[in-house]
Each structure stands twice: as structure tokens, then as C-alpha cells.
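**Student:** Structure file input.cif (mmCIF, C-alpha atoms) right here:
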```
data_upload
#
loop_
_atom_site.label_atom_id
_atom_site.label_comp_id
_atom_site.auth_asym_id
_atom_site.auth_seq_id
_atom_site.Cartn_x
_atom_site.Cartn_y
_atom_site.Cartn_z
CA ASN A 1 -46.10 -54.80 11.24
CA ILE A 2 -49.28 -56.06 9.66
CA ASN A 3 -48.77 -59.66 10.79
CA ARG A 4 -48.49 -58.64 14.43
CA LEU A 5 -51.62 -56.53 14.08
CA LEU A 6 -53.34 -59.55 12.54
CA LEU A 7 -52.27 -61.71 15.48
CA ASP A 8 -53.84 -59.21 17.88
CA ALA A 9 -57.02 -59.26 15.80
CA PHE A 10 -57.01 -63.07 15.83
CA MET A 11 -56.95 -63.15 19.63
CA GLU A 12 -59.79 -60.63 19.72
CA GLU A 13 -61.78 -62.88 17.38
CA TYR A 14 -60.87 -66.03 19.34
CA PRO A 15 -60.43 -64.97 22.98
CA ASN A 16 -60.06 -68.62 24.04
CA ILE A 17 -56.79 -68.87 22.05
CA THR A 18 -53.57 -67.16 23.13
CA VAL A 19 -50.78 -66.68 20.59
CA GLU A 20 -47.20 -66.06 21.70
CA ILE A 21 -44.43 -65.17 19.26
CA ASP A 22 -41.24 -67.19 19.67
CA GLU A 23 -38.58 -64.56 19.07
CA SER A 24 -35.80 -67.18 19.22
CA ILE A 25 -36.73 -68.44 15.74
CA ALA A 26 -34.64 -66.18 13.51
CA ASP A 27 -32.15 -66.34 10.66
CA PRO A 28 -30.68 -68.71 9.74
CA TRP A 29 -34.31 -69.84 9.71
CA GLU A 30 -34.03 -73.57 9.06
CA GLU A 31 -31.21 -73.93 11.56
CA SER A 32 -33.38 -72.20 14.18
CA LEU A 33 -36.26 -74.55 13.46
CA ALA A 34 -33.96 -77.58 13.60
CA SER A 35 -32.63 -76.46 17.01
CA ALA A 36 -36.15 -75.93 18.29
CA ALA A 37 -37.24 -79.33 17.03
CA SER A 38 -34.30 -81.14 18.61
CA GLY A 39 -34.94 -79.31 21.88
CA GLY A 40 -38.62 -80.20 21.91
CA SER A 41 -39.70 -76.57 21.60
CA MET A 42 -41.00 -76.40 18.05
CA PRO A 43 -43.52 -73.57 17.52
CA ASP A 44 -47.07 -74.71 16.78
CA VAL A 45 -47.12 -72.58 13.60
CA PHE A 46 -44.06 -71.39 11.70
CA ALA A 47 -43.11 -69.92 8.34
CA LEU A 48 -41.56 -72.41 5.94
CA SER A 49 -38.71 -71.42 3.66
CA ASN A 50 -38.84 -74.86 2.04
CA VAL A 51 -41.64 -77.42 2.42
CA PRO A 52 -39.60 -80.54 1.44
CA THR A 53 -37.04 -79.70 4.16
CA GLY A 54 -39.86 -79.68 6.69
CA ILE A 55 -41.14 -83.02 5.40
CA ALA A 56 -37.69 -84.65 5.44
CA ASN A 57 -37.18 -83.57 9.06
CA ASP A 58 -40.64 -84.75 10.18
CA TRP A 59 -41.55 -81.23 11.29
CA LEU A 60 -44.91 -81.06 9.55
CA LEU A 61 -48.37 -82.18 10.55
CA ASP A 62 -50.69 -83.59 7.90
CA VAL A 63 -53.60 -81.15 8.03
CA SER A 64 -55.79 -82.91 5.47
CA GLU A 65 -58.22 -83.76 8.30
CA TYR A 66 -58.98 -80.04 8.47
CA THR A 67 -58.63 -79.07 4.82
CA ASN A 68 -60.94 -81.88 3.65
CA SER A 69 -63.81 -80.37 5.64
CA ASP A 70 -62.90 -76.72 5.03
CA ASP A 71 -65.08 -75.07 2.39
CA GLU A 72 -62.67 -72.15 2.14
CA PHE A 73 -59.72 -74.44 1.39
CA SER A 74 -61.74 -75.78 -1.54
CA MET A 75 -61.93 -72.18 -2.83
CA LEU A 76 -58.19 -72.09 -3.46
CA PRO A 77 -56.99 -72.48 -7.06
CA ASN A 78 -55.96 -76.03 -7.97
CA THR A 79 -52.40 -74.87 -8.50
CA VAL A 80 -52.25 -73.76 -4.86
CA VAL A 81 -53.77 -76.96 -3.49
CA GLU A 82 -51.39 -79.08 -5.56
CA SER A 83 -48.38 -77.14 -4.26
CA VAL A 84 -49.04 -78.25 -0.66
CA THR A 85 -50.24 -81.80 -1.38
CA TYR A 86 -47.76 -84.66 -1.19
CA GLY A 87 -49.35 -88.01 -1.97
CA GLU A 88 -52.60 -87.91 -0.01
CA GLU A 89 -51.33 -85.52 2.65
CA VAL A 90 -51.62 -81.73 2.92
CA LEU A 91 -48.39 -80.72 4.65
CA ALA A 92 -48.39 -76.92 4.52
CA VAL A 93 -50.85 -74.04 4.68
CA PRO A 94 -50.57 -71.31 1.99
CA SER A 95 -49.84 -67.99 3.67
CA SER A 96 -49.43 -65.56 0.76
CA GLN A 97 -49.53 -65.40 -3.01
CA ASN A 98 -47.70 -63.16 -5.44
CA MET A 99 -47.57 -62.91 -9.21
CA MET A 100 -44.21 -62.38 -10.88
CA GLY A 101 -43.47 -60.72 -14.17
CA TYR A 102 -42.67 -57.42 -15.83
CA TYR A 103 -43.98 -53.96 -15.01
CA VAL A 104 -44.04 -51.45 -17.82
CA ASN A 105 -43.36 -47.72 -17.62
CA LYS A 106 -46.03 -46.67 -20.10
CA ASP A 107 -44.82 -43.07 -20.23
CA VAL A 108 -41.42 -44.09 -21.59
CA PHE A 109 -42.99 -45.93 -24.52
CA ASN A 110 -45.56 -43.23 -25.21
CA GLU A 111 -42.90 -40.52 -25.24
CA ALA A 112 -40.91 -42.58 -27.74
CA ASN A 113 -44.03 -43.07 -29.91
CA LEU A 114 -43.75 -46.84 -29.50
CA ASP A 115 -46.47 -49.37 -28.79
CA VAL A 116 -46.79 -50.05 -25.07
CA PRO A 117 -46.09 -53.71 -24.16
CA TYR A 118 -49.15 -55.55 -22.87
CA LEU A 119 -50.19 -58.67 -21.00
CA GLY A 120 -50.22 -61.64 -23.38
CA MET A 121 -47.79 -60.24 -25.94
CA SER A 122 -45.67 -62.76 -27.86
CA LEU A 123 -42.00 -63.42 -27.31
CA GLU A 124 -41.27 -61.70 -30.62
CA GLU A 125 -43.22 -58.60 -29.60
CA PHE A 126 -41.49 -58.56 -26.23
CA ASN A 127 -38.07 -58.79 -27.84
CA GLU A 128 -38.93 -56.01 -30.29
CA ALA A 129 -40.19 -53.75 -27.50
CA VAL A 130 -37.02 -54.25 -25.44
CA ARG A 131 -34.82 -53.58 -28.45
CA ASN A 132 -36.68 -50.56 -29.80
CA ILE A 133 -36.98 -48.68 -26.51
CA THR A 134 -33.29 -48.94 -25.61
CA ASN A 135 -31.23 -45.80 -26.14
CA ILE A 136 -28.16 -45.85 -23.89
CA ASN A 137 -27.03 -42.36 -24.87
CA GLN A 138 -30.39 -40.96 -23.76
CA GLY A 139 -30.39 -42.98 -20.53
CA VAL A 140 -33.16 -45.44 -21.39
CA VAL A 141 -32.83 -49.24 -21.41
CA GLY A 142 -35.28 -52.08 -21.98
CA LEU A 143 -34.94 -54.29 -18.88
CA ASN A 144 -33.53 -54.00 -15.37
CA HIS A 145 -31.76 -57.39 -15.63
CA THR A 146 -31.83 -60.80 -17.33
CA PHE A 147 -31.47 -63.05 -14.24
CA SER A 148 -35.01 -64.42 -14.45
CA ILE A 149 -35.14 -65.11 -18.19
CA PRO A 150 -33.76 -68.69 -18.08
CA GLU A 151 -36.54 -69.49 -15.60
CA TRP A 152 -39.58 -67.88 -17.25
CA TYR A 153 -38.63 -68.32 -20.92
CA PRO A 154 -39.59 -72.04 -21.09
CA VAL A 155 -43.06 -71.14 -19.74
CA ALA A 156 -43.54 -68.60 -22.53
CA ALA A 157 -42.09 -70.84 -25.25
CA SER A 158 -43.97 -74.08 -24.49
CA GLU A 159 -47.27 -75.08 -22.92
CA GLU A 160 -45.64 -78.33 -21.80
CA LEU A 161 -42.94 -76.75 -19.65
CA GLY A 162 -43.03 -74.84 -16.39
CA TRP A 163 -40.70 -72.54 -14.48
CA TYR A 164 -37.08 -73.50 -15.19
CA THR A 165 -38.57 -76.29 -17.38
CA TYR A 166 -39.97 -78.16 -14.33
CA ASN A 167 -43.31 -79.76 -15.26
CA GLY A 168 -44.14 -81.94 -12.26
CA GLU A 169 -42.15 -84.89 -13.56
CA GLY A 170 -38.68 -83.40 -13.70
CA PHE A 171 -36.49 -80.88 -15.50
CA HIS A 172 -35.87 -80.48 -19.24
CA LEU A 173 -32.72 -78.42 -19.37
CA ASP A 174 -31.65 -80.08 -22.63
CA SER A 175 -34.77 -78.75 -24.38
CA ASN A 176 -34.73 -76.21 -27.17
CA GLU A 177 -36.83 -73.93 -24.97
CA PHE A 178 -34.28 -73.80 -22.17
CA ILE A 179 -31.33 -73.37 -24.51
CA GLY A 180 -33.33 -70.73 -26.39
CA GLY A 181 -33.93 -68.85 -23.14
CA ILE A 182 -30.22 -68.71 -22.37
CA GLU A 183 -29.51 -67.45 -25.89
CA PHE A 184 -32.33 -64.90 -25.60
CA ALA A 185 -30.88 -63.53 -22.35
CA GLN A 186 -27.35 -63.53 -23.80
CA ASN A 187 -28.54 -61.52 -26.79
CA ILE A 188 -30.09 -58.90 -24.51
CA ASN A 189 -26.89 -58.65 -22.47
CA THR A 190 -24.59 -58.52 -25.49
CA ASN A 191 -26.59 -55.74 -27.14
CA GLY A 192 -26.94 -53.63 -24.01
CA TYR A 193 -30.71 -53.99 -23.66
CA ALA A 194 -30.59 -54.49 -19.87
CA TYR A 195 -29.24 -52.17 -17.17
CA GLU A 196 -27.37 -54.57 -14.86
CA PRO A 197 -24.77 -55.85 -17.39
CA LEU A 198 -23.93 -52.38 -18.73
CA THR A 199 -20.44 -50.99 -18.22
CA GLU A 200 -19.88 -48.26 -15.66
CA ASP A 201 -19.35 -45.76 -18.48
CA GLU A 202 -22.70 -46.74 -20.01
CA LYS A 203 -24.46 -46.54 -16.64
CA ALA A 204 -23.17 -42.99 -16.28
CA ASN A 205 -25.80 -41.98 -18.87
CA PHE A 206 -28.59 -42.91 -16.45
CA ASN A 207 -30.16 -40.95 -13.63
CA GLY A 208 -29.58 -43.09 -10.55
CA GLU A 209 -27.01 -45.13 -8.65
CA ASN A 210 -28.74 -48.49 -9.06
CA ASP A 211 -31.49 -50.14 -11.07
CA ASN A 212 -34.15 -49.22 -8.50
CA GLU A 213 -33.34 -45.51 -8.70
CA VAL A 214 -33.06 -45.69 -12.50
CA TRP A 215 -36.53 -47.30 -12.71
CA TYR A 216 -38.12 -44.54 -10.66
CA ASN A 217 -36.27 -41.95 -12.74
CA ASN A 218 -37.75 -43.24 -16.01
CA GLY A 219 -34.60 -44.96 -17.23
CA ILE A 220 -35.83 -48.58 -17.26
CA ALA A 221 -38.78 -49.40 -19.47
CA LEU A 222 -39.62 -52.90 -18.19
CA ARG A 223 -38.88 -54.04 -14.65
CA TRP A 224 -38.91 -57.65 -13.46
CA ASP A 225 -40.54 -57.82 -10.03
CA GLY A 226 -43.41 -59.32 -8.03
CA THR A 227 -46.72 -58.06 -6.73
CA TRP A 228 -45.04 -57.60 -3.34
CA SER A 229 -43.77 -54.31 -4.82
CA ILE A 230 -47.04 -52.72 -5.92
CA GLY A 231 -47.39 -50.72 -2.70
CA GLY A 232 -43.98 -49.15 -3.27
CA PHE A 233 -44.75 -48.43 -6.91
CA ALA A 234 -48.01 -46.73 -5.96
CA GLN A 235 -46.22 -44.50 -3.47
CA GLN A 236 -43.04 -43.69 -5.40
CA ALA A 237 -43.65 -43.88 -9.15
CA ASP A 238 -44.63 -40.57 -10.75
CA PHE A 239 -45.32 -42.20 -14.11
CA GLU A 240 -48.09 -44.39 -15.49
CA TRP A 241 -47.29 -48.08 -15.04
CA ASP A 242 -48.95 -51.47 -15.32
CA PHE A 243 -48.25 -55.17 -14.84
CA ILE A 244 -47.75 -57.24 -18.01
CA GLY A 245 -46.45 -60.54 -16.59
CA ILE A 246 -44.38 -62.65 -18.97
CA PRO A 247 -44.88 -63.10 -22.72
CA GLY A 248 -47.60 -65.56 -23.66
CA GLU A 249 -50.84 -66.59 -22.04
CA ARG A 250 -49.75 -67.90 -18.64
CA THR A 251 -49.45 -66.23 -15.25
CA VAL A 252 -46.53 -67.02 -12.94
CA ILE A 253 -47.26 -67.21 -9.22
CA THR A 254 -45.20 -67.83 -6.11
CA HIS A 255 -46.30 -68.63 -2.58
CA ASP A 256 -45.24 -68.54 1.03
CA TYR A 257 -46.29 -71.25 3.43
CA TYR A 258 -46.90 -72.00 7.08
CA GLY A 259 -46.08 -75.32 8.64
CA ILE A 260 -47.94 -76.76 11.62
CA SER A 261 -45.73 -78.72 13.97
CA SER A 262 -46.16 -82.48 13.99
CA ALA A 263 -45.62 -82.22 17.77
CA THR A 264 -48.30 -79.58 18.41
CA GLU A 265 -50.73 -80.20 21.23
CA HIS A 266 -53.23 -77.82 19.63
CA PRO A 267 -53.62 -78.91 15.98
CA GLU A 268 -57.09 -77.47 15.43
CA GLU A 269 -56.20 -74.09 16.91
CA ALA A 270 -52.91 -74.05 15.00
CA TYR A 271 -54.73 -74.67 11.71
CA LEU A 272 -57.22 -71.94 12.56
CA LEU A 273 -54.37 -69.49 13.18
CA ALA A 274 -52.46 -70.42 10.01
CA LYS A 275 -55.65 -70.05 7.98
CA TRP A 276 -56.43 -66.64 9.54
CA MET A 277 -52.93 -65.39 8.79
CA GLY A 278 -52.94 -66.87 5.29
CA PHE A 279 -55.73 -67.89 2.94
CA GLY A 280 -58.85 -67.57 5.10
CA LYS A 281 -61.58 -65.08 4.23
CA ASP A 282 -62.06 -63.59 7.70
CA GLY A 283 -58.34 -63.03 8.14
CA TYR A 284 -57.95 -61.45 4.72
CA MET A 285 -60.89 -59.11 5.23
CA LYS A 286 -59.31 -58.09 8.53
CA ARG A 287 -56.02 -57.53 6.67
CA ILE A 288 -57.87 -55.17 4.30
CA GLU A 289 -59.43 -53.35 7.25
CA ILE A 290 -56.05 -52.90 8.91
CA THR A 291 -54.40 -51.52 5.77
CA ASP A 292 -57.33 -49.15 5.29
CA ASN A 293 -56.70 -47.74 8.76
CA GLU A 294 -52.88 -47.72 8.71
CA GLU A 295 -51.53 -45.25 6.16
CA GLU A 296 -48.05 -46.77 5.98
CA LEU A 297 -49.34 -50.29 5.20
CA SER A 298 -50.44 -51.58 1.79
CA LEU A 299 -52.04 -54.65 0.23
CA ASP A 300 -49.09 -56.23 -1.50
CA GLY A 301 -49.53 -59.59 -3.22
CA VAL A 302 -52.87 -61.00 -4.38
CA PRO A 303 -55.51 -62.98 -2.45
CA LEU A 304 -55.24 -66.74 -2.23
CA ILE A 305 -58.92 -67.47 -1.76
CA THR A 306 -61.19 -66.98 -4.78
CA ASP A 307 -64.12 -65.74 -2.69
CA GLN A 308 -65.87 -62.99 -4.67
CA GLU A 309 -66.30 -60.64 -1.70
CA VAL A 310 -62.58 -60.82 -1.00
CA LEU A 311 -61.68 -60.25 -4.65
CA ASP A 312 -64.09 -57.33 -5.00
CA ALA A 313 -62.64 -55.69 -1.88
CA TYR A 314 -59.07 -56.27 -3.06
CA PHE A 315 -59.48 -54.97 -6.60
CA GLU A 316 -61.45 -51.98 -5.34
CA ARG A 317 -58.24 -50.98 -3.59
CA VAL A 318 -55.68 -52.36 -6.05
CA ASP A 319 -56.90 -50.88 -9.32
CA ILE A 320 -54.19 -52.18 -11.66
CA PRO A 321 -55.60 -53.56 -14.94
CA GLY A 322 -52.74 -55.97 -15.60
CA ILE A 323 -52.95 -57.47 -12.12
CA LYS A 324 -56.68 -58.04 -12.53
CA ALA A 325 -56.31 -59.60 -15.99
CA ALA A 326 -53.48 -61.87 -14.87
CA TYR A 327 -55.45 -62.93 -11.79
CA ASP A 328 -58.42 -63.86 -13.97
CA ASN A 329 -56.13 -66.54 -15.45
CA ILE A 330 -54.97 -67.85 -12.07
CA GLU A 331 -56.35 -71.37 -12.61
CA ASN A 332 -53.90 -71.80 -15.49
CA ALA A 333 -50.98 -70.31 -13.60
CA VAL A 334 -47.48 -71.77 -13.39
CA VAL A 335 -46.13 -72.04 -9.85
CA GLU A 336 -42.54 -71.07 -9.16
CA PRO A 337 -41.45 -74.38 -7.60
CA PHE A 338 -38.54 -73.39 -5.36
CA LYS A 339 -40.32 -73.78 -2.02
CA THR A 340 -42.24 -76.97 -2.80
CA THR A 341 -40.18 -79.08 -5.23
CA PRO A 342 -37.74 -81.61 -3.71
CA GLY A 343 -34.15 -80.93 -4.66
CA TYR A 344 -34.93 -77.69 -6.46
CA GLY A 345 -32.22 -75.62 -4.79
CA GLN A 346 -29.58 -78.13 -5.87
CA ALA A 347 -31.07 -78.50 -9.35
CA ARG A 348 -31.20 -74.74 -9.98
CA TRP A 349 -28.19 -73.34 -8.15
CA ASP A 350 -26.06 -75.42 -5.83
CA ALA A 351 -25.14 -78.78 -7.39
CA PRO A 352 -21.46 -78.84 -8.51
CA THR A 353 -21.03 -79.61 -12.19
CA GLY A 354 -17.33 -80.43 -12.45
CA VAL A 355 -17.02 -77.74 -15.13
CA SER A 356 -14.39 -75.02 -14.87
CA VAL A 357 -15.78 -71.49 -15.22
CA GLY A 358 -13.46 -68.54 -14.68
CA ASP A 359 -11.68 -69.00 -11.36
CA GLU A 360 -14.01 -71.81 -10.30
CA SER A 361 -12.72 -75.27 -11.12
CA ASN A 362 -16.00 -76.93 -10.10
CA ALA A 363 -18.74 -74.43 -10.86
CA ASN A 364 -22.26 -75.09 -9.62
CA ILE A 365 -25.27 -75.15 -11.92
CA GLY A 366 -26.20 -71.56 -11.16
CA THR A 367 -22.75 -70.30 -12.06
CA LEU A 368 -22.71 -72.37 -15.24
CA ILE A 369 -26.07 -70.96 -16.35
CA ASN A 370 -24.90 -67.42 -15.59
CA ALA A 371 -21.82 -68.10 -17.68
CA GLY A 372 -24.09 -69.13 -20.54
CA VAL A 373 -26.07 -65.91 -20.21
CA SER A 374 -22.89 -63.81 -20.15
CA GLY A 375 -21.49 -65.63 -23.19
CA GLU A 376 -18.51 -67.18 -21.38
CA ILE A 377 -19.65 -70.66 -22.42
CA ASN A 378 -22.00 -72.19 -24.97
CA ILE A 379 -24.76 -73.66 -22.80
CA GLU A 380 -25.72 -76.10 -25.53
CA ASN A 381 -22.46 -77.97 -24.90
CA TYR A 382 -23.47 -78.62 -21.29
CA ALA A 383 -27.26 -78.92 -21.54
CA SER A 384 -27.44 -82.73 -21.36
CA GLN A 385 -24.98 -82.80 -18.47
CA ILE A 386 -26.81 -80.28 -16.31
CA ASN A 387 -30.18 -81.81 -17.17
CA GLU A 388 -29.01 -85.20 -15.91
CA LEU A 389 -27.53 -83.59 -12.81
CA ALA A 390 -30.65 -81.55 -12.05
CA ASN A 391 -32.92 -84.58 -12.37
CA SER A 392 -30.64 -86.68 -10.16
CA LYS A 393 -30.94 -84.03 -7.44
CA TYR A 394 -34.70 -84.01 -7.92
CA GLN A 395 -34.82 -87.79 -7.45
CA GLU A 396 -32.64 -87.52 -4.35
CA GLY A 397 -35.05 -84.94 -2.99
CA LEU A 398 -38.03 -87.21 -3.66
CA GLU A 399 -36.34 -90.07 -1.85
CA ALA A 400 -35.60 -87.83 1.12
CA ILE A 401 -39.31 -87.16 1.64
CA GLY A 402 -40.37 -90.74 0.90
CA GLN A 403 -41.98 -90.03 -2.48
#
```
Rewrite the coordinates I just gave you, this time as C-alpha cells.
**Tutor:**
Amino acid sequence: NINRLLLDAFMEEYPNITVEIDESIADPWEESLASAASGGSMPDVFALSNVPTGIANDWLLDVSEYTNSDDEFSMLPNTVVESVTYGEEVLAVPSSQNMMGYYVNKDVFNEANLDVPYLGMSLEEFNEAVRNITNINQGVVGLNHTFSIPEWYPVAASEELGWYTYNGEGFHLDSNEFIGGIEFAQNINTNGYAYEPLTEDEKANFNGENDNEVWYNNGIALRWDGTWSIGGFAQQADFEWDFIGIPGERTVITHDYYGISSATEHPEEAYLLAKWMGFGKDGYMKRIEITDNEEELSLDGVPLITDQEVLDAYFERVDIPGIKAAYDNIENAVVEPFKTTPGYGQARWDAPTGVSVGDESNANIGTLINAGVSGEINIENYASQINELANSKYQEGLEAIGQ
């Protein structure tokens, strides 16, 4: 794949450095890394599924010695730099960046003589577009699903809140914005404005066996996805489409990260490799060259570095107006905090609530939120409880990494 081709190119560029892939590191990923660490065989550079886990286990080298003197690191957006900085230490290297949001099938709206949704539209306009385009009997529905709404809605409803209400200081799940997001998603489900919650009889009106097939067959007007999918859209979609992000003025981004082992004997070389594979200019220009020469490969995601030559080369090849407009607002972006926020997995999904939902006598937070979206419970009755629980897990996570 492209990463292996990039590794070959790295060794051509730096013939004094040999890179070997440790094939023993595999899923379950964190368990593999833990076994390697305990056996004294930690890779010098490795993908991180969760940065706080790496910090808590003392896997990660502080690379601020290298980033402080790296002009290209200073060309990363502040949101990216902040995501890998803990106290005064830089403990991960950004390896990829994607924007998340909605893609619009413009043909569906034009054929219905409706205004096409656009980047920066209001919540009210978004709601109206989803409602007006839906016609179950004709096999057209507004959204593919509502899973992401409780996470992005607070971003669209308030400048003070981030993804899933996290704002750098904690969660605000008892806020009107979070409760409003659950009610917004519930309304869409109840009225049949999204494909996933439809009954089997209703889905029989659509051309396709799943939401992916229905999207490509012009049955879903707005699809939640990330920029990792733009290569597939370009190859498979036979309709005019664009990226419109989420309602409001802010862009949502998510990242992947490399860790450099705290036990590495080659810290400078390891940083050089992680940079080449991730945010560095030379590596990204080589990535573009490789995709130009390999027909089956595509430039998914968006560049990390804000170097103009890189951006010009990227947008010359990825000519999607919504992606360009959303990227122009990258400095004001909201970062999806799952991979960098201590305790996030517990606070969003896994922490048991003590609440009975359906057959579960002790439902976790994720199940409780889903029950609110489906209308099984009134989330407002539990908002204070889950907010306290989420923030307690966040504090536990901070303590685990010594923050």
C-alpha cells in the first residue's frame, strides 16, 4: 500500500537509515504494543490508537527537542500542535488529518427543485433540507444515519463547546446544546428522515441493500463521512457531490498519530521517519508523486502542513470546493478528541451508568445516549448524572497521565 511505498522512498532518500516493519504488531493493537514493551522489543515508531494510553504506559518519547527546532512543525495549525502537547511535552507526531461532516448529492436536490445545502448553512436550514428532501415512497431520504449528531450538534449550536461538548476543560452533557442534539436526532429518527432507523418495509423502497449502496444509487441526500472517502466517491459516484461539513462556521477535524518509543536508541532517525510518513513536506510531496503514478491509489484526507506548495499540489488534484473552503478555516477547527483526550472512551461510550435500558440492567453511557436518540428514554432526566460520570472519567484519565 501507499505507506509501504513511502517507506521504500524514505530509505532511498536516507540510505543511511534502514526501516524494518515489525509484523508482530497487529490487532488487538494496544495489547500487541504492551506485549512488545514488556518484552523489551518496542518498535521505534508505531501508530497510536490512543495517545493517553501511550503516556500512561510510559511508551512515548518527548520529541519537543526536535519539534522546537523544526520549522515545518511550526507550520502545523495550532489545533494540531495542541492535540499532541501535554504540559510542556510533545508526545506524539501527527500522521494524518481528515475533515468530518456531510457530503451532499447535489443532483437529488436539483431534481427535486430544492436549494442545495451548502457549507456554513444554519441548523435551521440543515433541518429544513433534511425534511424537505425525504420521500420514502420514492426511495429518497435525508441522512444515512444519526449516530454522529449528539457529537457534532454542540459544535454547531455553541461557539463555547466542542465535539461531544468537550472544550478542553471537561464535558457539558447537562447543557441545552447537548440535550438539544439528542432531541434533534430523535426527531429525525421518529419522522423517518434517516435511512438506518427505517423499518425493513420502508427500506424496500430504496435501491440498495445497505446505506452505502443506497447513497451511490441516489437514495441518500446527505451522507455523514470523512475525507478518507473522497477517493471512493470520485471513482464510484455518478452524480455531482460536494462536502458541506456540519452546520455553522466551524470545521471538524480528526487525526492519526505516531508514537516514538521512549526506549528507542535512534530518536532523531525515528522522528525523521515519523515526520516523513506524516506531516513533513518532503514526505507529502512524495506521497503525491506516488499516487500520481499508481492508478489505484488516491489522496484521501487533507494535508497537515500548511506549506503553500503542498496545498497547491493537493488542491490541484483534489478539486472539491467544499473541501477547499472548509480547509481555509482550519485554524478555527474543532478536533475530534477521542485519540488525545484522557478518559474519552469511558466518558463517551464505556462507563456504566447504573441505569436500566432494555435488557441491560447497567447500561453504559453510549447505550444510554442511543436510547435517548431512539426515544426509549428522556435524556434530560439523566443529563446531570451522565455529565458527572463523564467528567469523573476525564479526571481519572488526567490522573493516569500525571496531569
**Student:** Using all atoms listed in the file, pick whichever of A:Val141, A:Ile377, A:Leu304, A:Ile323 has the shortest atom-to-atom distance to Val355 in chain A.
**Tutor:**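 Distance minimum relative to Val355 in chain A lands on A:Ile377.
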**Student:** Here's the selection I'm unsure about, the PyMOL selection byres ((chain A and resi 46-50) around 9); applied to the file above, which residues does it give, as a list of chain:residue names?
**Tutor:**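 After applying the PyMOL selection byres ((chain A and resi 46-50) around 9), what remains is A:Ile25, A:Trp29, A:Glu30, A:Leu33, A:Met42, A:Pro43, A:Asp44, A:Val45, A:Val51, A:Pro52, A:Thr53, A:Gly54, A:Ala92, A:Ser95, A:Asp256, A:Tyr257, A:Tyr258, A:Gly259, A:Ile260, A:Ser261, A:Ala274, A:Phe338, A:Lys339, A:Thr340, A:Thr341, A:Pro342.
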**Student:** Step by step, work through what the PyMOL selection byres ((chain A and resi 330) around 10) selects in the shown file, and finish by giving those residues as a ChimeraX atom specification.
**Tutor:** /A:77-80,99,250-253,304,306,324-329,331-334
**Student:** Which residue out of A:Ile230, A:Ile182, A:Ser35, A:Ala156 has the minimum interatomic distance to Leu297 in chain A when only C-alpha atoms are used?
**Tutor:** A:Ile230
**Student:** Hey, what's within 9 Å of range 108-118 of chain A if we count all atoms listed in the file and toss same-chain stuff fewer than 5 positions away? As an NGL selection string, please?
**Tutor:** :A and (125-126 or 129 or 132-133 or 140 or 218-222 or 239 or 242-245 or 247 or 322)
**Student:** Could you check the closest approach to Gly354 in chain A for each of A:Phe206, A:Tyr14, A:Phe178, A:Tyr382 and tell me which residue wins, using only C-alpha atoms?
**Tutor:**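 Ranked by minimum distance to Gly354 in chain A, first place goes to A:Tyr382.
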**Student:** Write out as a list in words each polymer residue whose atoms come within 9 Å of Trp163 in chain A, counting all atoms listed in the file; drop sequence neighbours fewer than 6 positions from it.
**Tutor:**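 Once the nearby chain positions are removed, what remains is Pro150, Glu151, Trp152, Tyr153, Pro154, Val155, Val252, Val334, Val335, Glu336 and Pro337 of chain A.
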**Student:** Rounded to one decimal place, report the CA of Asp319 in chain A-CA of Ala237 in chain A distance in Å.
**Tutor:**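 According to the coordinates, CA of Asp319 in chain A and CA of Ala237 in chain A are separated by 15.0 Å.
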**Student:** Skipping near chain neighbours, those fewer than 3 positions away, what residues fall within 7 Å of Trp241 in chain A using only C-alpha atoms, listed as a list of chain:residue names?
**Tutor:**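 So, after excluding close chain neighbours, the residues are A:Tyr103, A:Val104, A:Asn105, A:Lys106.
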**Student:** For the provided coordinates, the residues matched by the PyMOL selection byres ((chain A and resi 227) around 9) should be stated as a PyMOL selection string.
**Tutor:** chain A and resi 97-101+225-226+228-231+243+300-302+323
**Student:** What is the CA of Asn207 in chain A-CA of Ile188 in chain A distance in Å, reported with one decimal?
**Tutor:**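 Going from CA of Asn207 in chain A over to CA of Ile188 in chain A covers 21.0 Å.
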**Student:** Would you please work out which residue, of A:Arg131, A:Arg317, A:Arg4, A:Arg348, is nearest to Asn191 in chain A when using only C-alpha atoms?
**Tutor:**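 Answer, going by the shortest atom-to-atom distance: A:Arg131.
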**Student:** Between A:Gly402, A:Pro15, A:Pro267, A:Gly139, which one has atoms that come closest to Tyr66 in chain A, using only C-alpha atoms?
**Tutor:**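 So, comparing all the options, the nearest one is A:Pro267.
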**Student:** Just to confirm, what's the straight-line distance from CA of Gln138 in chain A to CA of Ala234 in chain A in Å (one decimal)?
**Tutor:**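 If I compute the distance from CA of Gln138 in chain A to CA of Ala234 in chain A, I get 25.7 Å.
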**Student:** Between A:Ile290, A:Asn68, A:Ala400, A:Val63, which is the closest to Glu269 in chain A once you count all atoms listed in the file?
**Tutor:**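 Nearest to Glu269 in chain A: A:Val63.
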**Student:** The residues within 9 Å of (-24.9, -45.2, -21.8), using only C-alpha atoms and the coordinates of the file, should be reported as a PyMOL selection string; which are they?
**Tutor:** chain A and resi 135-141+192+198-206
**Student:** Would you kindly return, as a PyMOL selection string, each protein, DNA or RNA residue with an atom no farther than 10 Å from any atom of range 388-392 of chain A, considering all atoms listed in the file and excluding same-chain residues fewer than 4 positions away?
**Tutor:** chain A and resi 166+169-174+343-353+365+383-384+396-398
